[in-house]
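S.K.: Before we start, here is the structure in question, set down as structure tokens.
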Amino acid sequence: MGRVFKEQGLPLSIALNALIPQEHPDVWKQFRALVPNAPIIAHGINNSTELLPLGRGLDAQRTYIRRTLDLIEKDTGVRSRGWSKP
């Protein structure tokens with residue numbers, strides 16, 4: 001997908017699950033190299049086992065969001081300034 005957007009000269013924003021760079025570092029590095037300036041939008045920890053804890057109150061949700069942002073920053077060097085709920 002990164003190649004297509006790069007070839008077409010189209011802008012791209014990345015909705016990123018925080019564990020992707022950690023669990024698939026080679027894929028992430030190749031993708032990021034194609035679109036190095038694309039903004040990263042946080043999209044949770046993952047889409048299957050660690051979801052936003054909507055039923056556990058605001059403190060749990062804040063903790064989850066902070067953890068997501070911290071993981072993305074640690075593994076990409078970029079602090080996400082956007083959020084898209086998974």
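Identifiers for the structure tokens are assigned positionally: chains receive A, B, ... in sequence, residues are indexed from 1 per chain, and ligands are indexed from 1 in the order shown.
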For segment 31-33 of chain A, list every protein, DNA or RNA residue within 12 Å, evaluated using only C-alpha atoms, and leave out those in the same chain fewer than 4 positions away; present the list as a PyMOL selection string.

M.R.: chain A and resi 1-6+12-14+16+20-21+24-27+37-40+75-78

S.K.: Among the residues of segment 1-49 of chain A, find those DSSP assigns to helix (DSSP H, G or I) from the backbone and print them as a ChimeraX atom specification.

M.R.: /A:2-8,20-23,25-34

S.K.: Export N, CA and C atoms of the chosen residues as a PDB file, in the first residue's frame?

M.R.:
```pdb
ATOM      1  N   GLY A   2       1.951   1.231   0.785  1.00  0.00           N
ATOM      2  CA  GLY A   2       2.858   2.372   0.820  1.00  0.00           C
ATOM      3  C   GLY A   2       3.423   2.704  -0.546  1.00  0.00           C
ATOM      4  N   ARG A   3       3.756   1.671  -1.316  1.00  0.00           N
ATOM      5  CA  ARG A   3       4.291   1.886  -2.668  1.00  0.00           C
ATOM      6  C   ARG A   3       3.282   2.578  -3.571  1.00  0.00           C
ATOM      7  N   VAL A   4       2.031   2.149  -3.495  1.00  0.00           N
ATOM      8  CA  VAL A   4       0.989   2.728  -4.341  1.00  0.00           C
ATOM      9  C   VAL A   4       0.814   4.205  -4.028  1.00  0.00           C
ATOM     10  N   PHE A   5       0.733   4.548  -2.758  1.00  0.00           N
ATOM     11  CA  PHE A   5       0.564   5.953  -2.386  1.00  0.00           C
ATOM     12  C   PHE A   5       1.776   6.769  -2.797  1.00  0.00           C
ATOM     13  N   LYS A   6       2.965   6.213  -2.629  1.00  0.00           N
ATOM     14  CA  LYS A   6       4.184   6.917  -3.027  1.00  0.00           C
ATOM     15  C   LYS A   6       4.211   7.125  -4.542  1.00  0.00           C
ATOM     16  N   GLU A   7       3.923   6.067  -5.299  1.00  0.00           N
ATOM     17  CA  GLU A   7       3.934   6.171  -6.767  1.00  0.00           C
ATOM     18  C   GLU A   7       2.917   7.186  -7.274  1.00  0.00           C
ATOM     19  N   GLN A   8       1.769   7.248  -6.643  1.00  0.00           N
ATOM     20  CA  GLN A   8       0.712   8.169  -7.078  1.00  0.00           C
ATOM     21  C   GLN A   8       0.896   9.577  -6.515  1.00  0.00           C
ATOM     22  N   ILE A  20       2.410  -3.132  16.180  1.00  0.00           N
ATOM     23  CA  ILE A  20       2.897  -3.480  14.830  1.00  0.00           C
ATOM     24  C   ILE A  20       4.411  -3.274  14.690  1.00  0.00           C
ATOM     25  N   PRO A  21       4.973  -2.113  15.021  1.00  0.00           N
ATOM     26  CA  PRO A  21       6.420  -1.955  14.848  1.00  0.00           C
ATOM     27  C   PRO A  21       7.240  -2.945  15.669  1.00  0.00           C
ATOM     28  N   GLN A  22       6.722  -3.307  16.831  1.00  0.00           N
ATOM     29  CA  GLN A  22       7.410  -4.238  17.728  1.00  0.00           C
ATOM     30  C   GLN A  22       7.300  -5.677  17.235  1.00  0.00           C
ATOM     31  N   GLU A  23       6.129  -6.073  16.797  1.00  0.00           N
ATOM     32  CA  GLU A  23       5.902  -7.458  16.389  1.00  0.00           C
ATOM     33  C   GLU A  23       6.321  -7.752  14.951  1.00  0.00           C
ATOM     34  N   PRO A  25       8.907  -5.759  12.934  1.00  0.00           N
ATOM     35  CA  PRO A  25       9.833  -4.647  12.704  1.00  0.00           C
ATOM     36  C   PRO A  25      10.305  -4.506  11.262  1.00  0.00           C
ATOM     37  N   ASP A  26      10.530  -5.611  10.572  1.00  0.00           N
ATOM     38  CA  ASP A  26      11.004  -5.513   9.188  1.00  0.00           C
ATOM     39  C   ASP A  26       9.928  -4.926   8.275  1.00  0.00           C
ATOM     40  N   VAL A  27       8.701  -5.386   8.448  1.00  0.00           N
ATOM     41  CA  VAL A  27       7.595  -4.854   7.642  1.00  0.00           C
ATOM     42  C   VAL A  27       7.409  -3.374   7.940  1.00  0.00           C
ATOM     43  N   TRP A  28       7.442  -3.016   9.228  1.00  0.00           N
ATOM     44  CA  TRP A  28       7.271  -1.612   9.604  1.00  0.00           C
ATOM     45  C   TRP A  28       8.373  -0.745   8.990  1.00  0.00           C
ATOM     46  N   LYS A  29       9.613  -1.169   9.087  1.00  0.00           N
ATOM     47  CA  LYS A  29      10.728  -0.376   8.549  1.00  0.00           C
ATOM     48  C   LYS A  29      10.602  -0.186   7.041  1.00  0.00           C
ATOM     49  N   GLN A  30      10.224  -1.244   6.327  1.00  0.00           N
ATOM     50  CA  GLN A  30      10.051  -1.131   4.876  1.00  0.00           C
ATOM     51  C   GLN A  30       8.907  -0.178   4.535  1.00  0.00           C
ATOM     52  N   PHE A  31       7.804  -0.323   5.237  1.00  0.00           N
ATOM     53  CA  PHE A  31       6.647   0.538   4.991  1.00  0.00           C
ATOM     54  C   PHE A  31       6.979   1.988   5.315  1.00  0.00           C
ATOM     55  N   ARG A  32       7.574   2.214   6.464  1.00  0.00           N
ATOM     56  CA  ARG A  32       7.888   3.590   6.884  1.00  0.00           C
ATOM     57  C   ARG A  32       8.884   4.243   5.931  1.00  0.00           C
ATOM     58  N   ALA A  33       9.810   3.466   5.402  1.00  0.00           N
ATOM     59  CA  ALA A  33      10.782   4.010   4.448  1.00  0.00           C
ATOM     60  C   ALA A  33      10.091   4.539   3.191  1.00  0.00           C
ATOM     61  N   LEU A  34       8.971   3.934   2.810  1.00  0.00           N
ATOM     62  CA  LEU A  34       8.231   4.379   1.630  1.00  0.00           C
ATOM     63  C   LEU A  34       7.457   5.669   1.888  1.00  0.00           C
TER      64      LEU A  34
END
```

S.K.: Based on DSSP run over this structure's backbone, return all residues of chain A in strand (DSSP E or B), as a PyMOL selection string.

M.R.: chain A and resi 14-16+40-42+82-83

S.K.: Selected residues, C-alpha atoms, written as a compact mmCIF listing (two decimals), in the first residue's frame, please.

M.R.:
```txt
# COMPACT_ATOMS: atom_id res chain seq x y z
CA ILE A 14 -1.09 5.81 9.06
CA ALA A 15 -3.61 4.44 11.57
CA LEU A 16 -1.15 2.37 13.59
CA ILE A 40 0.93 8.43 12.51
CA ILE A 41 -2.54 8.22 14.02
CA ALA A 42 -2.73 6.00 17.10
CA GLY A 82 -4.16 11.80 16.47
CA TRP A 83 -6.38 8.94 17.56
```
